Amino acid sequence: MFWDCAPSGSVIAGGVALAAGLALGIPAGAPLRRLGGSLLGLAGLIFVLVQGASAQLDGAGDLARVSPAAGAWCLLLVLMLLMADALAQLNPGPRARAGLLALMLVALLALLWSGTLSDLSVMQEFTSRKNAFRSAALRHLALALGSLGAAAAIGFPLGILCHRNAALRGAALPVLSFLQTIPSLAMFGIMIPILGWLAAASPAARAIGIAGIGFAPAFIALVLYALLPVVANTVTGLAATPPAAIEAARGMGMTGAQRLWKVELPLAMPVILAGLRIVLVQNIGLAVIAGLIGGGGFGSFVFQGLNQTATDLILLGALPTVVMALVAAIVMDILVDLARRIPEPLP
Amino acid sequence: MIEIDRITKLYGSTRAVDTVSLTAETGTITVLVGTSGSGKTTLLRMINRLVEPTSGEIRINGEPTHTVKPHLLRRRIGYAIQGHGLFPHHSVARNIGAVPELLGWPEEKIAARVDELLTLFGMEPAAFRNRLPLELSGGQQQRVGVARALASRPDLLLMDEPFGALDPIIRTRAQEDLRTIQRKLGSTILLVTHDMDEAIRLGDRIAVMDGGRLVQYGPPEEIIAEPATPFVADMVGDAERPMRLLSLIPVSELIETGPAEGPSLAADASLREALSACLWTGREAIPIQRDGVPAGRVTLAAIRARAERHA
Amino acid sequence: MKPGMILRVALIALLLALVLKPEAFTSVFAPFAPEKGPVIYTRSSLLSLSLSHLGLVAVASVAATLVAVTLAILVTRPAGAAFRPLSRTITNVGQTFPPVAVLALAVPALGFGAGPTLVALFLYGLLPIFENAMTGLSTLPAATMEAARGLGLDRWQRLWRVELPLAMPVILGGIRLSVVIALGTATIGSTVAARTLGEVIIAGLLTSNTAFVLQGGLIVGLFAVLIHDALVQLETYLTKRNGRG
């Protein structure tokens with residue numbers, strides 16, 4: 001129970017902070033009060049968790065573990081949402097948001113590094129798999145960012161071509177949205193025989209690491225999923241250029257390429273970046289599936305955990321994925337805002 | 001000098017522009033006027049080859065336009081359109097400097113030209129240079145649009161309904177400003193409008209288009225006094241004709257010696273203003289001053305006689 | 001018949017054949033199966049897996065639609081306006097949570113089986129529907145709303161006769177998104193012991209039997225594509241009827 005999880009003094013202190021935080025944070029209005037409330041509540045929650053964990057383990061053996069129950073996670077989620085809402089209403093500029101994000105990440109890292117939470121079972125799981133965790137994180141990032149890069153490299157030119165050519169647009173967009181519809185597990189699965197065949201048929205493909213299972217099928221599946229948002233947003237962004245600006249650009253003697261680089265692309269950039277945001281967040285989530293086909297990443301922890309009914313292992317995979325997706329979303333939102341706000345420098 | 005020589009544009013079997021020929025002299029404003037679908041905009045866009053003619057030839061200062069690459073041709077021709085078409089992501093300075101930038105002018109020269117044009121259009125360079133188009137009023141945006149079209153000192157300035165998006169008061173001012181600046185710079189301008197008032201106010205010569213054909217081409221007086229077809233008469237408006245005609249004639253043409261009572265008019269005022277003054281104040285004659293010195297009078301009878309010459 | 005219609009009929013026929021008569025495809029999948037290994041998945045009938053899969057998605061989507069649309073109606077009324085910013089934050093943040101992570105996080109809380117899958121599908125399904133319903137209900141043409149008031153419709157009549165029908169295509173767009181995500185997430189649900197078509201794919205992955213992977217992948221893929229297409233058609237029809245397209 002909450003009450004007897006820790007020495008009563010610290011439970012009362014933490015509980016009061018938590019309750020006060022919620023009381024301040026939940027009523028609508030005054031975003032600053034809500035922000036303060038959520039921070040106070042978070043501090044209280046963490047304090048109770050830490051005190052509770054060490055108290056529970058006091059006297060227990062080295063192998064004993066303690067983990068917060070669903071209630072604690074729910075409280076954490078509610079407090080985070082209150083904070084996000086307060087920040088959304090305060091509506092800080094892109095630079096302020098970047099600063100806040102950095103501050104929060106530093107705070108999170110400091111909390112993890114300090115060892116305050118090391119009694120929690122997820123952290124113990126982490127300590128025992130430090131190396132595997134590092135390589136999974138790198139692999140996950142490589143899958144998500146690499147597929148984003150590849151999709152951008154293919155998607156931008158394709159989007160520009162689609163913008164200029166209605167027939168191509170009519171053919172490409174339905175095919176890409178068809179690809180997006182295919183459930184991820186099926187898509188990853190279908191990649192296996194295709195790439196397996198490719199690897200068997202072509203030594204060159206094998207040489208660059210293409211194989212039926214592992215990184216390659218996961219990577220290619222992610223690229224295929226990413227193409228629709230990239231191409232569709234490029235087309236939408238380019239199509240939204242004011243017609244009078246295009247007419248003026250043509251009339252003043254810009255070549256097709258100059259029009260594209262100087263007028264159309266800069267104006268379409270916020271929409272294009274919004275497409276990349278969708279792709280990045282989506283791919284960070286989908287990269288989890290790579291764990292099922294030997295592609296590595298946080299998904300390998302998740303599915304291993306599901307197989308062994310090991311909750312902590314599931315959390316070790318799922319929580320960093322969520323954090324990565326949230327950070328990616330915030331960073332991309334900042335970039336979209338910057339692209340929208342900065343006027344071009346003078347010639 | 002712009003020579004349009006038997007130019008035709010077919011869209012399928014529709015003759016958007018049908019064998020039109022006309023010559024515009026250097027340093028003048030030629031206004032193409034007509035209803036929508038008359039082919040006036042298509043004709044204008046064939047001059048800078050935004051539309052390629054089906055047949056015929058256009059020569060600018062003797063050089064046929066089809067011998068120059070379209071984008072190079074367009075850099076020599078200014079182009080201002082309705083709704084200004086400014087680049088929303090570029091500052092005022094970068095918008096005005098767009099064509100010089102394309103032509104590879106050095107930066108200092110572009111900056112100097114931008115400031116010169118802003119000053120010419122009555123916009124303080126230091127205050128406006130770094131603004132974005134969204135931060136300007138409609139009239140200011142339109143002036144920047146025209147300034148941009150003039151930036152590289154083009155041989156020719158094409159304007160497609162440049163004042164179409166402005167409200168009436170700003171519009172009249174913009175028209176006066178354009179006339180003044182054109183006189184100062186001696187630019188050659190071809191302007192498209194559907195508004196006969198604008199055509200009469202701005203044009204040295206007016207070309208009336210109907211159904212792709214040029215139905216009449218001449219100075220404003222001729223268009224008003226001797227409309228070639230019922231369509232032209234309709235465009236001019238029967239009831240408005242005497243007033244429009246009188247607005248083109250300065251009082252100096254009818255000055256006679258003799259006494260007149262009341263406030264006087266300047267010699268470069270139009271007969272329309274003199275008539276208006278007569279009617280409003282119930283006088284038979286209005287005193288005229290030239291440079292502040294009394295120069296005679298204009299009588300209601302003389303104005304009437306002048307108007308009747310065309311009836 | 002138009003080519004699109006022919007393709008649709010062909011795909012439906014292929015899907016039905018794959019589900020009802022899987023053994024007919026033995027020769028097609030044989031090259032992908034390991035030597036002497038089974039070619040066609042027989043551990044449970046594909047039909048019952050399909051029905052269970054679709055059932056999960058249907059229950060979750062219907063529940064999510066009812067709840068999400070009700071919530072959207074509430075926050076778009078004047079009385080619910082105070083909750084609008086918070087609900088917007090929740091949808092924005094919630095949609096950055098990967099569906100697989102939501103599924104995985106449901107397990108520690110709810111255990112294995114169809115339960116956590118259903119909850120995960122429901123929770124995740126709420127977001128796109130709520131977001132679209134809110135957009136649809138708050139961007140109605142002002143003139144139409146004014147006219148509805150002028151005609152003397154009361155608040156309920158306005159909601160039922162004007163607002164919901166006009167917002168329907170946008171709401172359907174959200175439902176479509178949510179159903180497509182649910183179909184995919186349900187596939188992964190088989191890793192938490194829900195009975196879905198993902199079972200076939202997972203079995204193939206575990207025994208390195210590509211024939212199973214292909215078989216399961218094709219069936220799930222076809223279901224998703226056809227259901228998506230049907231919802232798109234419905235949306236297009238409603239949009240045209242509303243004259244908002």
# chains A, B, ... in the order shown; residues from 1 in each chain; ligands from 1
>>> residues_around(residues="Ala329 of chain A", least_positions_apart="3", cutoff="8 Å", atoms="only C-alpha atoms", output="number ranges by chain")
A: 277, 280-281, 325-326, 332-333; C: 96
>>> residues_around(residues="Pro31 of chain C", least_positions_apart="2", cutoff="12 Å", atoms="only C-alpha atoms", output="PyMOL selection string")
(chain A and resi 193+197) or (chain C and resi 25-29+33-40+209-212+214)
>>> write_last_selection(atoms="all heavy atoms", output="compact mmCIF listing (two decimals), in the first residue's frame")
# COMPACT_ATOMS: atom_id res chain seq x y z
N PRO A 193 11.14 -12.49 -47.29
CA PRO A 193 11.42 -13.29 -48.49
C PRO A 193 11.99 -12.45 -49.63
O PRO A 193 12.87 -12.92 -50.37
CB PRO A 193 10.06 -13.88 -48.86
CG PRO A 193 9.06 -13.10 -48.11
CD PRO A 193 9.73 -12.59 -46.89
N TRP A 197 15.57 -13.30 -51.11
CA TRP A 197 15.76 -13.65 -52.52
C TRP A 197 16.83 -12.78 -53.15
O TRP A 197 17.71 -13.24 -53.87
CB TRP A 197 14.43 -13.48 -53.27
CG TRP A 197 14.56 -13.62 -54.75
CD1 TRP A 197 14.64 -14.78 -55.45
CD2 TRP A 197 14.68 -12.56 -55.69
NE1 TRP A 197 14.79 -14.51 -56.79
CE2 TRP A 197 14.82 -13.15 -56.96
CE3 TRP A 197 14.69 -11.16 -55.59
CZ2 TRP A 197 14.96 -12.40 -58.13
CZ3 TRP A 197 14.83 -10.42 -56.74
CH2 TRP A 197 14.96 -11.04 -58.00
N PHE C 25 -3.40 -22.93 -51.84
CA PHE C 25 -2.21 -22.13 -52.19
C PHE C 25 -0.91 -22.86 -51.86
O PHE C 25 0.16 -22.26 -51.92
CB PHE C 25 -2.26 -20.78 -51.45
CG PHE C 25 -3.36 -19.88 -51.91
CD1 PHE C 25 -4.64 -20.00 -51.40
CD2 PHE C 25 -3.12 -18.94 -52.90
CE1 PHE C 25 -5.66 -19.19 -51.84
CE2 PHE C 25 -4.14 -18.11 -53.35
CZ PHE C 25 -5.42 -18.24 -52.82
N THR C 26 -1.02 -24.15 -51.53
CA THR C 26 0.16 -24.90 -51.13
C THR C 26 1.31 -24.74 -52.11
O THR C 26 2.45 -24.44 -51.74
CB THR C 26 -0.18 -26.41 -50.99
OG1 THR C 26 -1.38 -26.51 -50.25
CG2 THR C 26 0.94 -27.15 -50.31
N SER C 27 1.00 -24.88 -53.41
CA SER C 27 2.08 -24.85 -54.40
C SER C 27 2.70 -23.45 -54.49
O SER C 27 3.87 -23.29 -54.80
CB SER C 27 1.56 -25.29 -55.75
OG SER C 27 0.48 -24.47 -56.12
N VAL C 28 1.87 -22.41 -54.18
CA VAL C 28 2.40 -21.03 -54.27
C VAL C 28 3.39 -20.78 -53.14
O VAL C 28 4.47 -20.20 -53.35
CB VAL C 28 1.24 -20.02 -54.18
CG1 VAL C 28 1.78 -18.60 -54.29
CG2 VAL C 28 0.22 -20.29 -55.27
N PHE C 29 3.04 -21.22 -51.93
CA PHE C 29 3.89 -20.91 -50.78
C PHE C 29 5.00 -21.94 -50.56
O PHE C 29 5.94 -21.67 -49.81
CB PHE C 29 3.03 -20.82 -49.51
CG PHE C 29 2.12 -19.63 -49.50
CD1 PHE C 29 0.75 -19.77 -49.36
CD2 PHE C 29 2.64 -18.34 -49.65
CE1 PHE C 29 -0.09 -18.65 -49.36
CE2 PHE C 29 1.81 -17.24 -49.65
CZ PHE C 29 0.44 -17.40 -49.52
N ALA C 33 8.67 -22.39 -47.80
CA ALA C 33 8.66 -23.17 -46.57
C ALA C 33 9.98 -23.92 -46.42
O ALA C 33 10.63 -24.24 -47.42
CB ALA C 33 7.51 -24.16 -46.61
N PRO C 34 10.41 -24.18 -45.18
CA PRO C 34 11.63 -24.97 -45.00
C PRO C 34 11.37 -26.40 -45.50
O PRO C 34 10.22 -26.82 -45.61
CB PRO C 34 11.84 -24.95 -43.49
CG PRO C 34 10.55 -24.54 -42.90
CD PRO C 34 9.78 -23.78 -43.92
N GLU C 35 12.43 -27.10 -45.80
CA GLU C 35 12.26 -28.46 -46.34
C GLU C 35 11.49 -29.33 -45.37
O GLU C 35 11.78 -29.34 -44.19
CB GLU C 35 13.63 -29.07 -46.64
CG GLU C 35 14.17 -28.61 -47.99
CD GLU C 35 15.46 -29.31 -48.35
OE1 GLU C 35 15.51 -30.54 -48.17
OE2 GLU C 35 16.39 -28.61 -48.79
N LYS C 36 10.53 -30.02 -45.91
CA LYS C 36 9.68 -30.94 -45.14
C LYS C 36 8.87 -30.24 -44.06
O LYS C 36 8.17 -30.87 -43.27
CB LYS C 36 10.51 -32.07 -44.52
CG LYS C 36 11.05 -32.99 -45.61
CD LYS C 36 11.72 -34.20 -45.02
CE LYS C 36 12.36 -35.03 -46.11
NZ LYS C 36 13.62 -35.64 -45.69
N GLY C 37 8.98 -28.92 -43.96
CA GLY C 37 8.18 -28.19 -42.98
C GLY C 37 6.78 -27.98 -43.52
O GLY C 37 6.53 -28.17 -44.72
N PRO C 38 5.85 -27.58 -42.65
CA PRO C 38 4.49 -27.32 -43.11
C PRO C 38 4.46 -26.07 -43.99
O PRO C 38 5.24 -25.14 -43.76
CB PRO C 38 3.72 -27.09 -41.81
CG PRO C 38 4.76 -26.67 -40.83
CD PRO C 38 6.04 -27.32 -41.23
N VAL C 39 3.59 -26.08 -44.99
CA VAL C 39 3.50 -24.94 -45.90
C VAL C 39 2.35 -24.03 -45.48
O VAL C 39 2.47 -22.81 -45.50
CB VAL C 39 3.29 -25.43 -47.35
CG1 VAL C 39 3.11 -24.23 -48.27
CG2 VAL C 39 4.47 -26.28 -47.79
N ILE C 40 1.26 -24.68 -45.08
CA ILE C 40 0.06 -23.90 -44.74
C ILE C 40 -0.15 -23.97 -43.23
O ILE C 40 0.00 -25.03 -42.62
CB ILE C 40 -1.16 -24.49 -45.48
CG1 ILE C 40 -0.95 -24.40 -46.99
CG2 ILE C 40 -2.44 -23.76 -45.07
CD1 ILE C 40 -0.74 -23.00 -47.52
N ASN C 209 9.90 -19.98 -40.92
CA ASN C 209 9.08 -20.50 -42.01
C ASN C 209 8.49 -19.31 -42.77
O ASN C 209 7.47 -18.74 -42.39
CB ASN C 209 7.97 -21.39 -41.45
CG ASN C 209 7.17 -22.05 -42.57
OD1 ASN C 209 7.17 -21.56 -43.70
ND2 ASN C 209 6.53 -23.16 -42.25
N THR C 210 9.17 -18.92 -43.84
CA THR C 210 8.75 -17.73 -44.58
C THR C 210 7.37 -17.90 -45.20
O THR C 210 6.66 -16.92 -45.41
CB THR C 210 9.79 -17.40 -45.67
OG1 THR C 210 11.06 -17.39 -45.05
CG2 THR C 210 9.53 -16.05 -46.27
N ALA C 211 6.99 -19.15 -45.47
CA ALA C 211 5.67 -19.38 -46.05
C ALA C 211 4.58 -18.86 -45.11
O ALA C 211 3.64 -18.20 -45.55
CB ALA C 211 5.47 -20.87 -46.32
N PHE C 212 4.72 -19.13 -43.81
CA PHE C 212 3.75 -18.63 -42.83
C PHE C 212 3.75 -17.10 -42.81
O PHE C 212 2.69 -16.46 -42.77
CB PHE C 212 4.10 -19.12 -41.42
CG PHE C 212 3.76 -20.57 -41.16
CD1 PHE C 212 3.20 -21.37 -42.16
CD2 PHE C 212 4.01 -21.14 -39.91
CE1 PHE C 212 2.89 -22.70 -41.91
CE2 PHE C 212 3.70 -22.46 -39.67
CZ PHE C 212 3.15 -23.25 -40.67
N LEU C 214 4.56 -15.00 -45.10
CA LEU C 214 3.93 -14.46 -46.30
C LEU C 214 2.41 -14.60 -46.24
O LEU C 214 1.66 -13.67 -46.55
CB LEU C 214 4.43 -15.19 -47.54
CG LEU C 214 5.56 -14.53 -48.30
CD1 LEU C 214 5.85 -15.33 -49.56
CD2 LEU C 214 5.15 -13.11 -48.69
>>> interface_residues(of="chain C", to="chain A", cutoff="9 Å", atoms="only C-alpha atoms", output="compact mmCIF listing (two decimals) with N, CA, C and O atoms, in the first residue's frame")
# COMPACT_ATOMS: atom_id res chain seq x y z
N PHE C 32 8.73 -21.21 -50.22
CA PHE C 32 9.20 -20.40 -49.09
C PHE C 32 9.28 -21.20 -47.80
O PHE C 32 9.84 -20.73 -46.82
N ALA C 82 -13.63 25.09 -21.62
CA ALA C 82 -12.46 25.18 -20.73
C ALA C 82 -11.55 23.98 -20.88
O ALA C 82 -10.35 24.07 -20.63
N PHE C 83 -12.13 22.83 -21.31
CA PHE C 83 -11.31 21.63 -21.41
C PHE C 83 -10.63 21.49 -22.76
O PHE C 83 -9.89 20.56 -22.98
N PRO C 85 -8.23 23.24 -24.47
CA PRO C 85 -6.77 23.24 -24.59
C PRO C 85 -6.16 21.95 -24.02
O PRO C 85 -5.27 21.35 -24.64
N LEU C 86 -6.66 21.52 -22.85
CA LEU C 86 -6.10 20.31 -22.23
C LEU C 86 -6.32 19.10 -23.13
O LEU C 86 -5.40 18.29 -23.34
N SER C 87 -7.52 19.00 -23.70
CA SER C 87 -7.79 17.83 -24.53
C SER C 87 -6.92 17.86 -25.78
O SER C 87 -6.49 16.83 -26.29
N ARG C 88 -6.63 19.06 -26.25
CA ARG C 88 -5.76 19.16 -27.43
C ARG C 88 -4.35 18.68 -27.07
O ARG C 88 -3.72 17.95 -27.83
N THR C 89 -3.88 19.09 -25.90
CA THR C 89 -2.55 18.64 -25.47
C THR C 89 -2.52 17.12 -25.36
O THR C 89 -1.57 16.47 -25.81
N ILE C 90 -3.59 16.56 -24.74
CA ILE C 90 -3.59 15.11 -24.56
C ILE C 90 -3.53 14.39 -25.90
O ILE C 90 -2.76 13.45 -26.09
N VAL C 93 0.10 14.90 -27.41
CA VAL C 93 1.13 14.11 -26.74
C VAL C 93 0.84 12.62 -26.94
O VAL C 93 1.74 11.85 -27.25
N THR C 96 2.06 10.92 -30.05
CA THR C 96 3.48 10.65 -30.24
C THR C 96 3.87 9.34 -29.55
O THR C 96 4.94 8.82 -29.79
N PHE C 97 3.01 8.82 -28.65
CA PHE C 97 3.28 7.50 -28.07
C PHE C 97 3.16 6.45 -29.16
O PHE C 97 2.12 6.36 -29.80
N PRO C 98 4.20 5.66 -29.39
CA PRO C 98 4.09 4.63 -30.42
C PRO C 98 3.02 3.61 -30.02
O PRO C 98 2.97 3.21 -28.86
N PRO C 99 2.18 3.15 -30.98
CA PRO C 99 1.14 2.18 -30.64
C PRO C 99 1.72 0.91 -30.01
O PRO C 99 1.14 0.36 -29.07
N VAL C 100 2.86 0.47 -30.53
CA VAL C 100 3.46 -0.75 -29.97
C VAL C 100 3.84 -0.53 -28.51
O VAL C 100 3.67 -1.42 -27.67
N ALA C 101 4.34 0.67 -28.20
CA ALA C 101 4.71 0.96 -26.82
C ALA C 101 3.48 0.97 -25.94
O ALA C 101 3.51 0.49 -24.80
N VAL C 102 2.36 1.51 -26.46
CA VAL C 102 1.12 1.51 -25.68
C VAL C 102 0.72 0.07 -25.38
O VAL C 102 0.37 -0.27 -24.25
N ALA C 104 2.69 -2.57 -25.31
CA ALA C 104 3.65 -3.16 -24.38
C ALA C 104 3.42 -2.66 -22.97
O ALA C 104 3.51 -3.42 -22.01
N LEU C 105 3.08 -1.37 -22.83
CA LEU C 105 2.87 -0.81 -21.50
C LEU C 105 1.56 -1.30 -20.88
O LEU C 105 1.40 -1.26 -19.66
N VAL C 107 0.60 -4.34 -20.93
CA VAL C 107 0.83 -5.67 -20.37
C VAL C 107 1.16 -5.64 -18.88
O VAL C 107 0.52 -6.33 -18.09
N PRO C 108 2.13 -4.82 -18.44
CA PRO C 108 2.41 -4.78 -17.01
C PRO C 108 1.17 -4.42 -16.20
O PRO C 108 0.97 -4.92 -15.10
N ALA C 109 0.32 -3.58 -16.77
CA ALA C 109 -0.85 -3.13 -16.03
C ALA C 109 -1.98 -4.15 -16.07
O ALA C 109 -2.69 -4.33 -15.09
N GLY C 111 -1.81 -7.49 -17.78
CA GLY C 111 -1.51 -8.88 -18.02
C GLY C 111 -1.62 -9.23 -19.50
O GLY C 111 -1.74 -8.34 -20.35
N PHE C 112 -1.59 -10.54 -19.80
CA PHE C 112 -1.58 -10.96 -21.20
C PHE C 112 -2.99 -11.24 -21.70
O PHE C 112 -3.94 -11.27 -20.91
N VAL C 180 -7.11 1.70 -39.26
CA VAL C 180 -5.89 1.19 -39.89
C VAL C 180 -4.81 0.93 -38.83
O VAL C 180 -4.15 -0.11 -38.84
N ILE C 181 -4.67 1.87 -37.90
CA ILE C 181 -3.68 1.67 -36.83
C ILE C 181 -4.07 0.46 -35.98
O ILE C 181 -3.22 -0.37 -35.62
N ALA C 182 -5.37 0.33 -35.69
CA ALA C 182 -5.83 -0.77 -34.86
C ALA C 182 -5.56 -2.12 -35.53
O ALA C 182 -5.11 -3.08 -34.88
N LEU C 183 -5.80 -2.19 -36.85
CA LEU C 183 -5.53 -3.45 -37.57
C LEU C 183 -4.07 -3.84 -37.42
O LEU C 183 -3.73 -5.01 -37.19
N GLY C 184 -3.18 -2.85 -37.56
CA GLY C 184 -1.75 -3.13 -37.44
C GLY C 184 -1.35 -3.49 -36.03
O GLY C 184 -0.61 -4.43 -35.80
N THR C 185 -1.88 -2.73 -35.06
CA THR C 185 -1.50 -2.98 -33.67
C THR C 185 -2.05 -4.33 -33.20
O THR C 185 -1.40 -5.06 -32.45
N THR C 187 -2.32 -6.92 -34.95
CA THR C 187 -1.41 -7.95 -35.47
C THR C 187 -0.31 -8.21 -34.46
O THR C 187 0.04 -9.36 -34.17
N ILE C 188 0.23 -7.12 -33.90
CA ILE C 188 1.29 -7.27 -32.92
C ILE C 188 0.74 -7.83 -31.62
O ILE C 188 1.46 -8.40 -30.81
N THR C 191 1.70 -11.09 -29.96
CA THR C 191 2.86 -11.27 -29.09
C THR C 191 2.47 -11.18 -27.62
O THR C 191 3.24 -11.57 -26.75
N VAL C 192 1.28 -10.63 -27.32
CA VAL C 192 0.83 -10.64 -25.94
C VAL C 192 -0.34 -11.62 -25.81
O VAL C 192 -1.20 -11.46 -24.97
N GLY C 198 -1.74 -12.03 -36.52
CA GLY C 198 -0.31 -11.86 -36.26
C GLY C 198 0.32 -13.18 -35.84
O GLY C 198 1.51 -13.42 -36.08
N ILE C 201 2.10 -14.89 -38.61
CA ILE C 201 3.39 -14.27 -38.95
C ILE C 201 4.43 -14.60 -37.88
O ILE C 201 5.57 -14.98 -38.20
N ILE C 202 4.03 -14.45 -36.60
CA ILE C 202 4.97 -14.70 -35.51
C ILE C 202 5.43 -16.16 -35.55
O ILE C 202 6.63 -16.45 -35.40
N GLY C 204 5.69 -18.00 -38.11
CA GLY C 204 6.64 -18.09 -39.22
C GLY C 204 8.00 -17.54 -38.81
O GLY C 204 9.04 -18.13 -39.12
N LEU C 205 8.01 -16.41 -38.09
CA LEU C 205 9.27 -15.80 -37.69
C LEU C 205 10.01 -16.71 -36.71
O LEU C 205 11.24 -16.87 -36.79
N LEU C 206 9.26 -17.31 -35.79
CA LEU C 206 9.91 -18.14 -34.76
C LEU C 206 10.48 -19.42 -35.33
O LEU C 206 11.51 -19.91 -34.87
N THR C 210 9.17 -18.92 -43.84
CA THR C 210 8.75 -17.73 -44.58
C THR C 210 7.37 -17.90 -45.20
O THR C 210 6.66 -16.92 -45.41
N ALA C 211 6.99 -19.15 -45.47
CA ALA C 211 5.67 -19.38 -46.05
C ALA C 211 4.58 -18.86 -45.11
O ALA C 211 3.64 -18.20 -45.55
N VAL C 213 4.96 -16.54 -42.81
CA VAL C 213 5.08 -15.08 -42.75
C VAL C 213 4.32 -14.44 -43.91
O VAL C 213 3.53 -13.50 -43.73
N LEU C 214 4.56 -15.00 -45.10
CA LEU C 214 3.93 -14.46 -46.30
C LEU C 214 2.41 -14.60 -46.24
O LEU C 214 1.66 -13.67 -46.55
N GLY C 216 0.39 -15.01 -43.60
CA GLY C 216 -0.21 -14.10 -42.63
C GLY C 216 -0.14 -12.67 -43.11
O GLY C 216 -1.12 -11.91 -43.03
N GLY C 217 1.03 -12.27 -43.63
CA GLY C 217 1.23 -10.90 -44.08
C GLY C 217 0.25 -10.54 -45.18
O GLY C 217 -0.34 -9.45 -45.16
N LEU C 218 0.06 -11.45 -46.13
CA LEU C 218 -0.85 -11.18 -47.25
C LEU C 218 -2.28 -10.97 -46.75
O LEU C 218 -2.96 -10.03 -47.15
N ILE C 219 -2.72 -11.88 -45.84
CA ILE C 219 -4.11 -11.78 -45.38
C ILE C 219 -4.33 -10.47 -44.62
O ILE C 219 -5.26 -9.72 -44.91
N VAL C 220 -3.43 -10.18 -43.68
CA VAL C 220 -3.58 -8.94 -42.90
C VAL C 220 -3.51 -7.72 -43.81
O VAL C 220 -4.31 -6.79 -43.70
N GLY C 221 -2.54 -7.77 -44.74
CA GLY C 221 -2.37 -6.64 -45.65
C GLY C 221 -3.63 -6.42 -46.48
O GLY C 221 -4.10 -5.29 -46.63
N LEU C 222 -4.20 -7.51 -47.00
CA LEU C 222 -5.40 -7.38 -47.84
C LEU C 222 -6.57 -6.83 -47.02
O LEU C 222 -7.29 -5.95 -47.50
N PHE C 223 -6.75 -7.37 -45.81
CA PHE C 223 -7.82 -6.84 -44.96
C PHE C 223 -7.66 -5.33 -44.78
O PHE C 223 -8.60 -4.56 -44.96
N ALA C 224 -6.45 -4.92 -44.42
CA ALA C 224 -6.21 -3.51 -44.14
C ALA C 224 -6.49 -2.65 -45.36
O ALA C 224 -7.20 -1.64 -45.29
N VAL C 225 -5.97 -3.08 -46.51
CA VAL C 225 -6.11 -2.28 -47.72
C VAL C 225 -7.58 -2.17 -48.11
O VAL C 225 -8.08 -1.08 -48.46
N HIS C 228 -9.56 -0.03 -45.55
CA HIS C 228 -9.16 1.36 -45.77
C HIS C 228 -9.88 1.92 -46.99
O HIS C 228 -10.47 3.01 -46.96
N ASP C 229 -9.85 1.14 -48.07
CA ASP C 229 -10.47 1.58 -49.32
C ASP C 229 -11.97 1.81 -49.12
O ASP C 229 -12.53 2.81 -49.59
>>> select_by_dssp(residues="segment 214-303 of chain A", states="alpha helix (DSSP H)", output="VMD selection string")
chain A and resid 215 to 239 243 to 251 256 to 258 265 to 286 298 to 303
>>> closest_residue(among="C:Leu140, C:Val179, C:Leu47, C:Val9", to="Gly125 of chain C", atoms="only C-alpha atoms")
C:Val179
>>> residues_around(residues="Arg244 of chain B", least_positions_apart="4", cutoff="10 Å", atoms="only C-alpha atoms", output="count of residues only")
16
>>> interface_residues(of="chain A", to="chain B", cutoff="8 Å", atoms="only C-alpha atoms", output="short mmCIF file (atom, residue, chain, number, x, y, z; two decimals) with C-alpha atoms, in the first residue's frame")
data_model
loop_
_atom_site.label_atom_id
_atom_site.label_comp_id
_atom_site.auth_asym_id
_atom_site.auth_seq_id
_atom_site.Cartn_x
_atom_site.Cartn_y
_atom_site.Cartn_z
CA PRO A 242 0.77 31.77 -53.73
CA PRO A 243 0.00 31.71 -57.49
CA ALA A 244 0.76 35.44 -57.81
CA ALA A 245 4.28 34.87 -56.43
CA ILE A 246 4.86 32.10 -59.00
CA GLU A 247 3.52 34.28 -61.80
CA ALA A 248 5.76 37.13 -60.68
CA ARG A 250 8.13 33.57 -64.00
CA GLY A 251 7.48 37.09 -65.22
CA MET A 252 10.76 38.43 -63.84
CA GLY A 253 12.73 35.76 -65.67
CA MET A 254 13.52 33.10 -63.06
CA THR A 255 14.35 29.73 -64.56
CA VAL A 263 10.50 30.69 -54.06
CA PRO A 266 11.51 28.02 -48.97
CA LEU A 267 7.77 28.69 -48.81
CA PRO A 343 12.77 35.87 -42.58
CA GLU A 344 15.51 35.27 -45.12
CA LEU A 346 19.28 40.20 -46.95
CA PRO A 347 21.17 39.59 -50.19
#
>>> atom_distance(atom1="atom CA of Glu198 of chain B", atom2="atom CA of Thr35 of chain B")
13.5 Å
>>> residues_around(residues="Ala199 of chain B", least_positions_apart="3", cutoff="10 Å", atoms="only C-alpha atoms", output="list in words")
Ile29, Thr30, Val31, Leu32, Val33, Leu191, Val192, Thr193, His194, Asp195, Met196, Leu202, Gly203, Asp204, Arg205, Ile206, Ala207, Val208 and Pro220 of chain B
>>> residues_around(residues="Arg97 of chain A", least_positions_apart="4", cutoff="9 Å", atoms="only C-alpha atoms", output="ChimeraX atom specification")
/A:87,91-93,101-102,330-331,334
